[in-house]
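Notes for the one structure printed next.
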Amino acid sequence: MDPRRIDYTGEGLSEDEVLETPYAQVRAWVDAAVRRSEEAADVVEPLAAAVATVDRQGRPNVRTVLLRFLDERGPGFVTALTSTKSRELTGNEHVAAGLTWAAMYRAVRFRGRAVQLGRDEVEGYWRSRPWGSRISAWASEQSQPVASRAELEAAYRARAAEFPDHGSPDDVPLPDFWGGFRIVCDEVELWAGRRDRLHDRLVWTRVGEGDLGDAGSWEVSRRQP
């Protein structure tokens, strides 16, 4: 193992500069990461998030998804409703997720419960996907075993023939088995890397029933790095 020593030279995050609500602060950081991904090569897939669930035996599972929704209600992602993550979230709604932008020395953690996205919201996103991505959703039995790459590609070709590309968002219908989840947060943490590992960790903890845009529903505190 290469014990690399990199001193984090981030700008940090202090209480006097943090924005009023967790949503405002998270949105500002996400937007900054997206801008950097457009301007430099050191932030790839700025919306890539690790999502952790637990199975029936309490064993954790983690995988990477792309955040496709982010508003005051919380972050959200899409998936096959028959996938492992969907089955585990249906059995246990508790969920955690994290965004990391290593080149910016920043990370965000979300903890809370998962609620299934409404069909209208999923439909709106589905229609924005490229034709090939919609075909893949039909072709893949997500999380299930497959004998070979050739078998997967054959399934893709069959669905492509069933739903040919005419350049319309209506070319490929939304499958009944496809949807997504939103994380209703109880805790949001922002981590900012600093020199000598003396990092900043500011945490919003829920104290009311409001969403991420309701300042009165959150209390900010600092944790040691």
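Please note that chains go A, B, ... in the order of the structure tokens, that every chain numbers its residues from 1, and that ligands are numbered from 1 in the order shown.
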Pick out each residue of region 63-225 of chain A that DSSP on the backbone tags as helix (DSSP H, G or I); I need them as JSON, numbers by chain. {"A": [84, 85, 86, 87, 88, 89, 90, 91, 102, 103, 104, 119, 120, 121, 122, 123, 124, 125, 126, 131, 132, 133, 134, 135, 136, 137, 138, 139, 149, 150, 151, 152, 153, 154, 155, 156, 157, 158, 159, 160, 161, 162, 195, 196, 197, 215, 216, 217]}
Would you pick out the contacts of Leu19 (chain A) at 9 Å or less, using only C-alpha atoms, so that residues sharing its chain but fewer than 5 positions from it are not included, and give the list as an MDAnalysis selection string? chainID A and resid 24:25 28
Put those residues in a file: N, CA, C and O atoms, as a PDB file, in the first residue's frame.
```pdb
ATOM      1  N   ALA A  24     -30.146  25.178   1.321  1.00  0.00           N
ATOM      2  CA  ALA A  24     -29.398  26.254   0.666  1.00  0.00           C
ATOM      3  C   ALA A  24     -27.912  25.927   0.620  1.00  0.00           C
ATOM      4  O   ALA A  24     -27.253  26.142  -0.409  1.00  0.00           O
ATOM      5  N   GLN A  25     -27.376  25.377   1.712  1.00  0.00           N
ATOM      6  CA  GLN A  25     -25.948  25.078   1.752  1.00  0.00           C
ATOM      7  C   GLN A  25     -25.595  23.905   0.844  1.00  0.00           C
ATOM      8  O   GLN A  25     -24.604  23.940   0.106  1.00  0.00           O
ATOM      9  N   ALA A  28     -25.800  24.978  -2.782  1.00  0.00           N
ATOM     10  CA  ALA A  28     -24.657  25.801  -3.168  1.00  0.00           C
ATOM     11  C   ALA A  28     -23.439  24.931  -3.462  1.00  0.00           C
ATOM     12  O   ALA A  28     -22.716  25.165  -4.442  1.00  0.00           O
TER      13      ALA A  28
END
```
May I have the residues within 12 Å of region 117-131 of chain A as number ranges by chain, using only C-alpha atoms and disregarding those fewer than 2 positions away in the same chain? A: 67-69, 73-81, 86, 114-115, 133-138, 156, 159-160, 163-184
Check the DSSP output for the backbone and give back, as an mmCIF file with C-alpha atoms, in the first residue's frame, the residues of region 29-157 of chain A in strand (DSSP E or B).
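As written to disk, out-v1.cif reads:
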```
data_model
loop_
_atom_site.group_PDB
_atom_site.id
_atom_site.type_symbol
_atom_site.label_atom_id
_atom_site.label_comp_id
_atom_site.auth_asym_id
_atom_site.auth_seq_id
_atom_site.Cartn_x
_atom_site.Cartn_y
_atom_site.Cartn_z
ATOM 1 C CA ALA A 48 -22.543 10.483 -7.906
ATOM 2 C CA ALA A 49 -23.676 9.469 -4.409
ATOM 3 C CA ALA A 50 -22.998 6.391 -2.294
ATOM 4 C CA VAL A 51 -26.283 5.024 -0.904
ATOM 5 C CA ALA A 52 -26.266 2.646 2.071
ATOM 6 C CA THR A 53 -29.091 0.275 3.023
ATOM 7 C CA VAL A 54 -29.381 -2.793 5.256
ATOM 8 C CA PRO A 60 -25.090 -3.143 5.233
ATOM 9 C CA ASN A 61 -25.027 -2.663 1.486
ATOM 10 C CA VAL A 62 -23.586 0.349 -0.311
ATOM 11 C CA ARG A 63 -23.582 1.295 -3.981
ATOM 12 C CA THR A 64 -23.181 4.390 -6.146
ATOM 13 C CA VAL A 65 -26.145 6.086 -7.803
ATOM 14 C CA LEU A 66 -26.648 9.439 -9.490
ATOM 15 C CA PHE A 69 -33.609 15.067 -7.677
ATOM 16 C CA LEU A 70 -32.594 17.675 -5.118
ATOM 17 C CA ASP A 71 -34.982 20.157 -3.569
ATOM 18 C CA GLY A 74 -34.437 15.988 0.037
ATOM 19 C CA PRO A 75 -32.170 14.224 -2.465
ATOM 20 C CA GLY A 76 -33.582 11.524 -4.714
ATOM 21 C CA PHE A 77 -32.455 8.835 -7.140
ATOM 22 C CA VAL A 78 -34.024 6.438 -9.635
ATOM 23 C CA THR A 79 -33.764 2.664 -9.742
ATOM 24 C CA ALA A 80 -35.585 -0.510 -10.665
ATOM 25 C CA HIS A 94 -33.587 3.815 7.093
ATOM 26 C CA VAL A 95 -30.985 5.045 4.619
ATOM 27 C CA ALA A 96 -27.762 7.026 4.410
ATOM 28 C CA ALA A 97 -26.089 8.658 1.419
ATOM 29 C CA GLY A 98 -22.959 10.647 0.722
ATOM 30 C CA LEU A 99 -21.564 12.945 -1.947
ATOM 31 C CA THR A 100 -17.784 13.361 -2.128
ATOM 32 C CA TRP A 101 -15.795 15.844 -4.220
ATOM 33 C CA ARG A 106 -15.758 18.640 0.347
ATOM 34 C CA ALA A 107 -18.326 15.994 1.217
ATOM 35 C CA VAL A 108 -21.997 15.860 2.233
ATOM 36 C CA ARG A 109 -23.740 13.150 4.248
ATOM 37 C CA PHE A 110 -27.490 12.547 4.462
ATOM 38 C CA ARG A 111 -29.241 10.311 7.007
ATOM 39 C CA GLY A 112 -32.956 9.664 7.205
ATOM 40 C CA ARG A 113 -35.686 7.506 5.718
ATOM 41 C CA ALA A 114 -36.476 6.629 2.122
ATOM 42 C CA VAL A 115 -39.888 7.337 0.580
ATOM 43 C CA GLN A 116 -40.836 6.186 -2.876
#
```
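The residue that comes closest to Arg197 (chain A), out of A:Gly216, A:Pro225, A:Gly91, A:Pro46 and on the basis of only C-alpha atoms, is A:Pro225.
In terms of minimum interatomic distance to Glu20 (chain A), A:Ser217 ranks closest within A:Thr90, A:Thr82, A:Ser217, A:Ser148, counting only C-alpha atoms.
Using only C-alpha atoms, the nearest neighbour of Cys185 (chain A) within the list A:Ser143, A:Met104, A:Ala150, A:Tyr23 is A:Tyr23.
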Which polymer residues have any atom within 12 Å of an atom of Glu11 (chain A), counting only C-alpha atoms, with same-chain residues fewer than 5 positions away left out, as number ranges by chain? A: 17, 103-106, 191-195, 199-200
